[in-house]
>>> print(open('upload_1.cif').read())   # mmCIF, C-alpha atoms
data_data
#
loop_
_atom_site.label_atom_id
_atom_site.label_comp_id
_atom_site.auth_asym_id
_atom_site.auth_seq_id
_atom_site.Cartn_x
_atom_site.Cartn_y
_atom_site.Cartn_z
CA MET T 1 -39.04 -3.63 -20.58
CA THR T 2 -37.11 -4.33 -17.38
CA ALA T 3 -36.35 -8.00 -16.74
CA ARG T 4 -37.91 -9.51 -13.63
CA HIS T 5 -34.56 -10.32 -12.01
CA GLU T 6 -33.53 -6.66 -12.43
CA GLU T 7 -36.73 -5.52 -10.70
CA ILE T 8 -36.08 -7.91 -7.83
CA ALA T 9 -32.47 -6.76 -7.54
CA ASP T 10 -33.65 -3.16 -7.32
CA GLU T 11 -36.23 -4.01 -4.64
CA LEU T 12 -33.54 -5.76 -2.61
CA ARG T 13 -31.20 -2.77 -2.98
CA ARG T 14 -33.90 -0.48 -1.64
CA ALA T 15 -34.62 -2.86 1.24
CA ILE T 16 -30.92 -2.80 2.16
CA ASP T 17 -30.88 1.01 1.95
CA ARG T 18 -33.92 1.15 4.26
CA GLU T 19 -32.04 -1.23 6.60
CA GLU T 20 -34.71 -3.89 6.37
CA TYR T 21 -31.62 -6.04 5.91
CA THR T 22 -28.88 -4.48 8.02
CA VAL T 23 -25.14 -4.83 7.48
CA GLY T 24 -24.06 -8.22 8.81
CA SER T 25 -27.50 -9.78 8.52
CA ARG T 26 -28.41 -12.60 6.13
CA LEU T 27 -30.78 -12.36 3.22
CA PRO T 28 -33.67 -14.84 3.17
CA ALA T 29 -32.95 -18.15 1.45
CA GLU T 30 -33.45 -18.34 -2.32
CA THR T 31 -36.56 -20.48 -1.82
CA GLU T 32 -38.09 -17.84 0.47
CA LEU T 33 -37.27 -15.02 -1.93
CA ALA T 34 -38.64 -17.01 -4.87
CA ALA T 35 -41.92 -17.59 -3.02
CA HIS T 36 -42.11 -13.95 -1.92
CA TYR T 37 -41.65 -12.60 -5.45
CA GLY T 38 -43.52 -15.41 -7.19
CA VAL T 39 -40.59 -16.37 -9.44
CA SER T 40 -38.23 -19.29 -9.94
CA ARG T 41 -35.06 -19.77 -7.91
CA GLY T 42 -33.10 -19.12 -11.08
CA THR T 43 -34.56 -15.63 -11.36
CA VAL T 44 -33.74 -14.93 -7.72
CA ARG T 45 -30.23 -16.25 -8.28
CA GLN T 46 -29.72 -13.71 -11.10
CA ALA T 47 -30.89 -10.87 -8.86
CA VAL T 48 -28.63 -11.97 -6.03
CA ALA T 49 -25.68 -12.29 -8.42
CA ALA T 50 -26.11 -8.62 -9.41
CA LEU T 51 -25.96 -7.50 -5.77
CA THR T 52 -22.93 -9.71 -5.19
CA ALA T 53 -21.13 -8.15 -8.16
CA GLU T 54 -21.83 -4.69 -6.71
CA GLY T 55 -20.30 -5.67 -3.37
CA LEU T 56 -23.57 -5.18 -1.45
CA ILE T 57 -23.71 -8.80 -0.30
CA GLY T 58 -21.15 -11.54 0.26
CA SER T 59 -21.16 -14.79 -1.66
CA ARG T 60 -20.33 -18.20 -0.18
CA GLN T 61 -21.04 -21.51 -1.82
CA GLY T 62 -24.07 -23.14 -0.22
CA ALA T 63 -24.56 -20.36 2.33
CA ARG T 64 -27.12 -17.59 2.63
CA ARG T 65 -25.81 -14.24 1.46
CA VAL T 66 -24.67 -11.73 4.06
CA VAL T 67 -25.22 -7.98 3.67
CA LEU T 68 -21.78 -6.33 3.52
CA THR T 69 -22.69 -2.69 3.07
CA SER T 70 -25.42 -0.32 1.96
CA ARG T 71 -25.29 1.89 -1.09
CA ARG T 72 -24.59 4.88 1.12
CA SER T 73 -21.09 3.45 0.89
CA GLN T 74 -19.19 4.75 -2.14
CA SER T 75 -16.59 2.50 -3.73
CA PHE T 76 -13.42 3.86 -5.30
CA GLU T 77 -13.21 0.98 -7.77
CA GLU T 78 -14.83 3.27 -10.32
CA LEU T 79 -14.93 7.04 -10.74
CA ARG T 80 -18.47 8.22 -10.07
CA SER T 81 -19.93 11.67 -9.76
CA PHE T 82 -22.09 12.55 -6.76
CA ALA T 83 -25.20 12.50 -8.96
CA GLN T 84 -24.35 9.04 -10.35
CA TRP T 85 -23.85 7.71 -6.84
CA ALA T 86 -27.17 9.20 -5.72
CA ARG T 87 -29.02 7.63 -8.65
CA ALA T 88 -27.47 4.25 -7.86
CA MET T 89 -29.12 4.50 -4.43
CA GLY T 90 -32.46 5.54 -5.88
CA ARG T 91 -32.02 9.02 -4.40
CA GLU T 92 -32.28 12.45 -5.99
CA ALA T 93 -29.10 14.53 -6.14
CA THR T 94 -29.47 18.25 -5.52
CA GLY T 95 -26.95 21.04 -5.86
CA ARG T 96 -26.73 24.72 -4.98
CA VAL T 97 -23.92 27.13 -5.75
CA VAL T 98 -23.10 29.28 -2.72
CA LEU T 99 -20.14 31.13 -4.19
CA GLN T 100 -18.61 31.31 -7.67
CA GLU T 101 -15.75 33.64 -8.53
CA TYR T 102 -12.44 33.89 -10.36
CA HIS T 103 -9.10 34.14 -8.57
CA THR T 104 -5.51 34.16 -9.69
CA ALA T 105 -4.13 30.64 -9.41
CA THR T 106 -2.32 29.97 -6.15
CA LYS T 107 0.86 27.90 -5.97
CA GLU T 108 -1.31 24.90 -5.07
CA ASP T 109 -3.59 25.52 -8.07
CA VAL T 110 -0.57 25.79 -10.37
CA VAL T 111 0.82 22.47 -9.19
CA ARG T 112 -2.44 20.51 -9.09
CA LEU T 113 -3.85 21.84 -12.36
CA GLN T 114 -0.52 22.17 -14.20
CA LEU T 115 -1.03 25.84 -14.99
CA ARG T 116 1.15 28.87 -15.45
CA GLU T 117 1.49 31.28 -12.56
CA GLY T 118 -1.06 34.09 -12.75
CA THR T 119 -3.66 32.04 -14.62
CA PRO T 120 -7.26 32.94 -13.62
CA VAL T 121 -9.17 29.93 -12.28
CA LEU T 122 -12.79 29.51 -11.23
CA HIS T 123 -13.53 28.75 -7.58
CA VAL T 124 -16.94 27.25 -6.82
CA LEU T 125 -18.48 26.38 -3.46
CA ARG T 126 -21.48 24.05 -3.77
CA VAL T 127 -23.80 22.39 -1.29
CA ARG T 128 -24.83 18.93 -2.48
CA GLY T 129 -27.79 17.04 -1.11
CA LEU T 130 -29.64 13.74 -1.17
CA ASP T 131 -33.38 14.29 -1.60
CA GLY T 132 -32.81 17.88 -0.52
CA GLU T 133 -30.88 17.01 2.65
CA PRO T 134 -27.42 18.68 2.65
CA VAL T 135 -24.66 16.08 2.98
CA LEU T 136 -21.65 17.47 1.12
CA LEU T 137 -19.72 20.68 0.54
CA GLU T 138 -17.64 20.88 -2.63
CA ARG T 139 -14.92 23.52 -2.85
CA THR T 140 -13.74 23.11 -6.42
CA VAL T 141 -11.12 24.91 -8.47
CA TYR T 142 -11.51 24.51 -12.24
CA ALA T 143 -8.72 24.84 -14.80
CA ASP T 144 -8.90 27.93 -16.99
CA TRP T 145 -9.74 25.99 -20.17
CA ILE T 146 -12.96 24.53 -18.72
CA SER T 147 -13.97 27.40 -16.39
CA PRO T 148 -16.19 29.28 -18.91
CA ALA T 149 -18.29 26.14 -19.53
CA VAL T 150 -18.70 25.60 -15.77
CA GLU T 151 -19.57 29.26 -15.19
CA ALA T 152 -22.42 29.01 -17.72
CA ILE T 153 -24.15 26.14 -15.88
CA GLU T 154 -27.20 27.08 -13.81
CA PRO T 155 -26.52 27.25 -10.03
CA ASP T 156 -28.95 24.45 -9.11
CA CYS T 157 -27.74 21.94 -11.73
CA PRO T 158 -27.79 18.47 -10.10
CA SER T 159 -24.86 17.12 -12.14
CA VAL T 160 -22.10 19.36 -13.44
CA THR T 161 -20.25 16.28 -14.66
CA GLN T 162 -23.16 15.21 -16.87
CA ARG T 163 -23.79 18.74 -18.13
CA LEU T 164 -20.15 19.17 -19.16
CA TYR T 165 -20.27 15.84 -20.98
CA ASP T 166 -23.51 16.78 -22.78
CA GLU T 167 -22.28 20.21 -23.85
CA THR T 168 -18.54 19.74 -24.37
CA GLY T 169 -17.96 15.99 -24.54
CA LEU T 170 -15.68 16.19 -21.49
CA VAL T 171 -15.15 12.87 -19.70
CA PHE T 172 -13.82 12.85 -16.14
CA ALA T 173 -11.66 9.77 -16.60
CA TYR T 174 -9.19 9.57 -13.72
CA GLY T 175 -9.21 10.67 -10.11
CA GLU T 176 -6.67 10.76 -7.32
CA HIS T 177 -8.16 10.90 -3.82
CA VAL T 178 -6.72 11.71 -0.40
CA ILE T 179 -9.10 10.94 2.48
CA ASP T 180 -8.93 12.27 6.03
CA ALA T 181 -11.14 13.85 8.70
CA VAL T 182 -11.54 17.50 9.69
CA ALA T 183 -13.63 19.46 12.17
CA ALA T 184 -16.45 21.59 10.78
CA GLY T 185 -15.70 25.29 10.81
CA ALA T 186 -18.36 27.98 11.09
CA GLN T 187 -19.20 28.01 7.37
CA ASP T 188 -19.20 24.22 7.07
CA ALA T 189 -21.47 23.87 10.09
CA GLU T 190 -23.96 26.44 8.84
CA LEU T 191 -24.21 25.02 5.31
CA LEU T 192 -24.44 21.37 6.38
CA GLY T 193 -26.70 21.95 9.38
CA VAL T 194 -24.29 20.44 11.92
CA ARG T 195 -22.61 21.73 15.05
CA ARG T 196 -19.33 23.54 14.78
CA THR T 197 -16.35 21.17 15.28
CA SER T 198 -18.50 18.20 14.20
CA PRO T 199 -16.36 15.59 12.38
CA LEU T 200 -16.48 15.74 8.59
CA LEU T 201 -15.05 13.22 6.14
CA ARG T 202 -12.79 15.11 3.74
CA VAL T 203 -11.85 13.88 0.27
CA ARG T 204 -9.31 15.95 -1.65
CA ARG T 205 -9.24 14.94 -5.28
CA VAL T 206 -7.71 15.86 -8.61
CA THR T 207 -9.65 14.77 -11.70
CA THR T 208 -8.21 14.51 -15.19
CA THR T 209 -9.24 13.66 -18.74
CA ARG T 210 -8.30 10.41 -20.48
CA GLU T 211 -5.20 12.19 -21.75
CA GLY T 212 -4.18 13.13 -18.21
CA ARG T 213 -5.09 16.82 -18.50
CA PRO T 214 -6.24 18.18 -15.11
CA VAL T 215 -9.82 19.44 -15.11
CA GLU T 216 -10.39 20.33 -11.47
CA TRP T 217 -9.21 19.84 -7.96
CA SER T 218 -11.58 19.85 -5.04
CA ASP T 219 -11.86 19.75 -1.27
CA ASP T 220 -15.07 17.77 -0.59
CA ARG T 221 -16.44 17.56 2.96
CA TYR T 222 -19.14 15.03 3.82
CA ARG T 223 -21.27 14.82 6.92
CA SER T 224 -19.90 11.82 8.76
CA ASP T 225 -23.37 10.31 9.19
CA ALA T 226 -24.15 10.61 5.48
CA VAL T 227 -21.54 8.52 3.70
CA SER T 228 -18.76 6.00 4.06
CA PHE T 229 -16.21 4.86 1.50
CA SER T 230 -15.20 1.34 0.58
CA VAL T 231 -12.28 -0.19 -1.27
CA HIS T 232 -12.40 -3.79 -2.46
CA ASN T 233 -8.92 -5.25 -2.65
CA SER T 234 -7.15 -8.56 -2.62
CA ILE T 235 -3.76 -10.06 -1.87
CA GLY T 236 -2.70 -9.32 -5.43
CA ASN T 237 -4.43 -6.02 -6.14
CA ASN T 238 -4.70 -3.25 -3.56
CA ALA T 239 -6.15 -0.01 -4.92
CA LEU T 240 -6.00 1.81 -1.59
CA ALA T 241 -2.70 3.37 -0.51
CA ARG T 242 -2.31 3.93 3.22
CA LYS T 243 -0.44 7.12 4.13
CA THR T 244 0.23 9.08 7.29
CA ALA T 245 -1.80 12.26 7.68
CA GLU T 246 -0.22 15.36 6.21
#
>>> encode(input="upload_1.cif", output="structure tokens")
Amino acid sequence: MTARHEEIADELRRAIDREEYTVGSRLPAETELAAHYGVSRGTVRQAVAALTAEGLIGSRQGARRVVLTSRRSQSFEELRSFAQWARAMGREATGRVVLQEYHTATKEDVVRLQLREGTPVLHVLRVRGLDGEPVLLERTVYADWISPAVEAIEPDCPSVTQRLYDETGLVFAYGEHVIDAVAAGAQDAELLGVRRTSPLLRVRRVTTTREGRPVEWSDDRYRSDAVSFSVHNSIGNNALARKTAE
């Protein structure tokens, strides 16, 4: 049975996602929330603490909490699949394979996936959606050792990451991300339902196992109105590296 403070935290998350509480606005006082939900201030405090830990709201002693972001923002503090991120927002992840075929590894594939020249690798183009709305194109190249397992997955599988874990025990443990912006080409525009040359947020990533073995590398392109990314850092720990565009 779900604890009451967890239910309240989830209701507040959804309210933030619906922009009932917009970024920069303050949440109602604990006394107001307690009265609204018919619970004690202690229960409300537990719910608010959960949202604070997630980075959705800011915490200041003696002050009402301020909304910092919505869950459409994806943090790089942890490695999450698209489907996991969607579930965290209370949304349904969808997926559709547009193209899936083998090619001989290019020089870039060889370097990124640590393969021998001439190795066959699986190229997959997927459209990913939130509640059926297309928001992301994934152009992924899989290493030869995992390609057969990926090829066997049904084209509309909502979470390849979860399916690979269920069937092979594979854990996507580490990711390296490079973020920039690109203009939508003809194929991007058609698949995402945007105008050609519309700005897209691009994330190029290489994902590896716990042992550091490369699994895939991907060029992911998000609709700019569909997602933002956040990095929580401090004076002593900065996870985001700033680089000039390549």
>>> closest_atom_pairs(input="upload_1.cif", of="stretch 152-214 of chain T", to="stretch 85-94 of chain T", cutoff="12 Å", atoms="all atoms listed in the file", output="JSON lines")
{"residue": "T:Pro155", "atom": "CA", "partner": "T:Thr94", "partner_atom": "CA", "distance": 10.5}
{"residue": "T:Asp156", "atom": "CA", "partner": "T:Thr94", "partner_atom": "CA", "distance": 7.2}
{"residue": "T:Cys157", "atom": "CA", "partner": "T:Thr94", "partner_atom": "CA", "distance": 7.4}
{"residue": "T:Pro158", "atom": "CA", "partner": "T:Thr94", "partner_atom": "CA", "distance": 4.9}
{"residue": "T:Ser159", "atom": "CA", "partner": "T:Ala93", "partner_atom": "CA", "distance": 7.8}
{"residue": "T:Val160", "atom": "CA", "partner": "T:Thr94", "partner_atom": "CA", "distance": 10.9}
>>> residues_around(input="upload_1.cif", residues="T:Val206", least_positions_apart="5", cutoff="10 Å", atoms="all atoms listed in the file", output="JSON, numbers by chain")
{"T": [112, 113, 140, 141, 174, 175, 176, 177, 178, 214, 215, 216, 217, 218, 219]}
>>> atom_distance(input="upload_1.cif", atom1="atom CA of T:Trp145", atom2="atom CA of T:Gly212")
14.1 Å
>>> atom_distance(input="upload_1.cif", atom1="atom CA of T:Pro120", atom2="atom CA of T:Thr106")
9.4 Å
>>> resolve_selection(input="upload_1.cif", expression="the PyMOL selection byres ((chain T and resi 137) around 6)", output="NGL selection string")
:T and (126-127 or 136 or 138 or 220-221)
>>> closest_residue(input="upload_1.cif", among="T:Ala50, T:Ser224, T:Leu33, T:Pro28", to="T:Arg13", atoms="all atoms listed in the file")
T:Ala50
>>> build_atoms(input="upload_1.cif", residues="stretch 173-209 of chain T", atoms="N, CA and C atoms", output="PDB file, in the coordinates of the input")
ATOM      1  N   ALA T 173     -12.106  11.153 -16.433  1.00  0.00           N
ATOM      2  CA  ALA T 173     -11.660   9.770 -16.600  1.00  0.00           C
ATOM      3  C   ALA T 173     -10.864   9.222 -15.419  1.00  0.00           C
ATOM      4  N   TYR T 174     -10.059  10.056 -14.791  1.00  0.00           N
ATOM      5  CA  TYR T 174      -9.190   9.570 -13.720  1.00  0.00           C
ATOM      6  C   TYR T 174      -9.280  10.481 -12.508  1.00  0.00           C
ATOM      7  N   GLY T 175      -9.181   9.887 -11.336  1.00  0.00           N
ATOM      8  CA  GLY T 175      -9.210  10.670 -10.110  1.00  0.00           C
ATOM      9  C   GLY T 175      -8.207  10.171  -9.106  1.00  0.00           C
ATOM     10  N   GLU T 176      -7.561  11.100  -8.429  1.00  0.00           N
ATOM     11  CA  GLU T 176      -6.670  10.760  -7.320  1.00  0.00           C
ATOM     12  C   GLU T 176      -7.284  11.333  -6.049  1.00  0.00           C
ATOM     13  N   HIS T 177      -7.442  10.493  -5.018  1.00  0.00           N
ATOM     14  CA  HIS T 177      -8.160  10.900  -3.820  1.00  0.00           C
ATOM     15  C   HIS T 177      -7.268  10.776  -2.577  1.00  0.00           C
ATOM     16  N   VAL T 178      -7.354  11.764  -1.717  1.00  0.00           N
ATOM     17  CA  VAL T 178      -6.720  11.710  -0.400  1.00  0.00           C
ATOM     18  C   VAL T 178      -7.835  11.894   0.621  1.00  0.00           C
ATOM     19  N   ILE T 179      -7.980  10.948   1.550  1.00  0.00           N
ATOM     20  CA  ILE T 179      -9.100  10.940   2.480  1.00  0.00           C
ATOM     21  C   ILE T 179      -8.594  11.161   3.907  1.00  0.00           C
ATOM     22  N   ASP T 180      -9.235  12.075   4.619  1.00  0.00           N
ATOM     23  CA  ASP T 180      -8.930  12.270   6.030  1.00  0.00           C
ATOM     24  C   ASP T 180     -10.164  12.849   6.710  1.00  0.00           C
ATOM     25  N   ALA T 181     -10.021  13.281   7.944  1.00  0.00           N
ATOM     26  CA  ALA T 181     -11.140  13.850   8.700  1.00  0.00           C
ATOM     27  C   ALA T 181     -10.759  15.238   9.178  1.00  0.00           C
ATOM     28  N   VAL T 182     -11.754  16.132   9.199  1.00  0.00           N
ATOM     29  CA  VAL T 182     -11.540  17.500   9.690  1.00  0.00           C
ATOM     30  C   VAL T 182     -12.731  17.887  10.557  1.00  0.00           C
ATOM     31  N   ALA T 183     -12.537  18.926  11.352  1.00  0.00           N
ATOM     32  CA  ALA T 183     -13.630  19.460  12.170  1.00  0.00           C
ATOM     33  C   ALA T 183     -14.349  20.551  11.382  1.00  0.00           C
ATOM     34  N   ALA T 184     -15.657  20.588  11.494  1.00  0.00           N
ATOM     35  CA  ALA T 184     -16.450  21.590  10.780  1.00  0.00           C
ATOM     36  C   ALA T 184     -16.169  22.979  11.327  1.00  0.00           C
ATOM     37  N   GLY T 185     -15.829  23.898  10.432  1.00  0.00           N
ATOM     38  CA  GLY T 185     -15.700  25.290  10.810  1.00  0.00           C
ATOM     39  C   GLY T 185     -17.072  25.960  10.794  1.00  0.00           C
ATOM     40  N   ALA T 186     -17.090  27.267  11.004  1.00  0.00           N
ATOM     41  CA  ALA T 186     -18.360  27.980  11.090  1.00  0.00           C
ATOM     42  C   ALA T 186     -19.153  27.880   9.788  1.00  0.00           C
ATOM     43  N   GLN T 187     -18.493  28.071   8.644  1.00  0.00           N
ATOM     44  CA  GLN T 187     -19.200  28.010   7.370  1.00  0.00           C
ATOM     45  C   GLN T 187     -19.673  26.599   7.060  1.00  0.00           C
ATOM     46  N   ASP T 188     -18.815  25.607   7.289  1.00  0.00           N
ATOM     47  CA  ASP T 188     -19.200  24.220   7.070  1.00  0.00           C
ATOM     48  C   ASP T 188     -20.420  23.856   7.908  1.00  0.00           C
ATOM     49  N   ALA T 189     -20.382  24.222   9.174  1.00  0.00           N
ATOM     50  CA  ALA T 189     -21.470  23.870  10.090  1.00  0.00           C
ATOM     51  C   ALA T 189     -22.790  24.500   9.663  1.00  0.00           C
ATOM     52  N   GLU T 190     -22.733  25.748   9.245  1.00  0.00           N
ATOM     53  CA  GLU T 190     -23.960  26.440   8.840  1.00  0.00           C
ATOM     54  C   GLU T 190     -24.555  25.813   7.578  1.00  0.00           C
ATOM     55  N   LEU T 191     -23.715  25.523   6.593  1.00  0.00           N
ATOM     56  CA  LEU T 191     -24.210  25.020   5.310  1.00  0.00           C
ATOM     57  C   LEU T 191     -24.675  23.569   5.387  1.00  0.00           C
ATOM     58  N   LEU T 192     -24.065  22.783   6.263  1.00  0.00           N
ATOM     59  CA  LEU T 192     -24.440  21.370   6.380  1.00  0.00           C
ATOM     60  C   LEU T 192     -25.442  21.111   7.511  1.00  0.00           C
ATOM     61  N   GLY T 193     -25.726  22.133   8.303  1.00  0.00           N
ATOM     62  CA  GLY T 193     -26.700  21.950   9.380  1.00  0.00           C
ATOM     63  C   GLY T 193     -26.183  21.080  10.505  1.00  0.00           C
ATOM     64  N   VAL T 194     -24.880  21.205  10.821  1.00  0.00           N
ATOM     65  CA  VAL T 194     -24.290  20.440  11.920  1.00  0.00           C
ATOM     66  C   VAL T 194     -23.676  21.415  12.917  1.00  0.00           C
ATOM     67  N   ARG T 195     -23.254  20.881  14.053  1.00  0.00           N
ATOM     68  CA  ARG T 195     -22.610  21.730  15.050  1.00  0.00           C
ATOM     69  C   ARG T 195     -21.181  22.041  14.633  1.00  0.00           C
ATOM     70  N   ARG T 196     -20.721  23.180  15.034  1.00  0.00           N
ATOM     71  CA  ARG T 196     -19.330  23.540  14.780  1.00  0.00           C
ATOM     72  C   ARG T 196     -18.412  22.540  15.486  1.00  0.00           C
ATOM     73  N   THR T 197     -17.339  22.179  14.854  1.00  0.00           N
ATOM     74  CA  THR T 197     -16.350  21.170  15.280  1.00  0.00           C
ATOM     75  C   THR T 197     -16.838  19.741  15.071  1.00  0.00           C
ATOM     76  N   SER T 198     -18.047  19.554  14.514  1.00  0.00           N
ATOM     77  CA  SER T 198     -18.500  18.200  14.200  1.00  0.00           C
ATOM     78  C   SER T 198     -17.521  17.563  13.209  1.00  0.00           C
ATOM     79  N   PRO T 199     -17.289  16.244  13.307  1.00  0.00           N
ATOM     80  CA  PRO T 199     -16.360  15.590  12.380  1.00  0.00           C
ATOM     81  C   PRO T 199     -16.940  15.521  10.972  1.00  0.00           C
ATOM     82  N   LEU T 200     -16.114  15.848  10.002  1.00  0.00           N
ATOM     83  CA  LEU T 200     -16.480  15.740   8.590  1.00  0.00           C
ATOM     84  C   LEU T 200     -15.456  14.850   7.889  1.00  0.00           C
ATOM     85  N   LEU T 201     -15.934  14.055   6.954  1.00  0.00           N
ATOM     86  CA  LEU T 201     -15.050  13.220   6.140  1.00  0.00           C
ATOM     87  C   LEU T 201     -14.612  14.043   4.936  1.00  0.00           C
ATOM     88  N   ARG T 202     -13.300  14.274   4.825  1.00  0.00           N
ATOM     89  CA  ARG T 202     -12.790  15.110   3.740  1.00  0.00           C
ATOM     90  C   ARG T 202     -12.134  14.246   2.663  1.00  0.00           C
ATOM     91  N   VAL T 203     -12.478  14.541   1.411  1.00  0.00           N
ATOM     92  CA  VAL T 203     -11.850  13.880   0.270  1.00  0.00           C
ATOM     93  C   VAL T 203     -11.277  14.978  -0.624  1.00  0.00           C
ATOM     94  N   ARG T 204      -9.960  15.020  -0.727  1.00  0.00           N
ATOM     95  CA  ARG T 204      -9.310  15.950  -1.650  1.00  0.00           C
ATOM     96  C   ARG T 204      -8.983  15.164  -2.921  1.00  0.00           C
ATOM     97  N   ARG T 205      -9.389  15.704  -4.046  1.00  0.00           N
ATOM     98  CA  ARG T 205      -9.240  14.940  -5.280  1.00  0.00           C
ATOM     99  C   ARG T 205      -8.788  15.832  -6.429  1.00  0.00           C
ATOM    100  N   VAL T 206      -8.064  15.235  -7.337  1.00  0.00           N
ATOM    101  CA  VAL T 206      -7.710  15.860  -8.610  1.00  0.00           C
ATOM    102  C   VAL T 206      -8.267  14.962  -9.697  1.00  0.00           C
ATOM    103  N   THR T 207      -9.024  15.546 -10.625  1.00  0.00           N
ATOM    104  CA  THR T 207      -9.650  14.770 -11.700  1.00  0.00           C
ATOM    105  C   THR T 207      -9.069  15.207 -13.035  1.00  0.00           C
ATOM    106  N   THR T 208      -8.809  14.214 -13.899  1.00  0.00           N
ATOM    107  CA  THR T 208      -8.210  14.510 -15.190  1.00  0.00           C
ATOM    108  C   THR T 208      -8.988  13.848 -16.323  1.00  0.00           C
ATOM    109  N   THR T 209      -8.673  14.267 -17.541  1.00  0.00           N
ATOM    110  CA  THR T 209      -9.240  13.660 -18.740  1.00  0.00           C
ATOM    111  C   THR T 209      -8.515  12.346 -19.033  1.00  0.00           C
TER     112      THR T 209
END
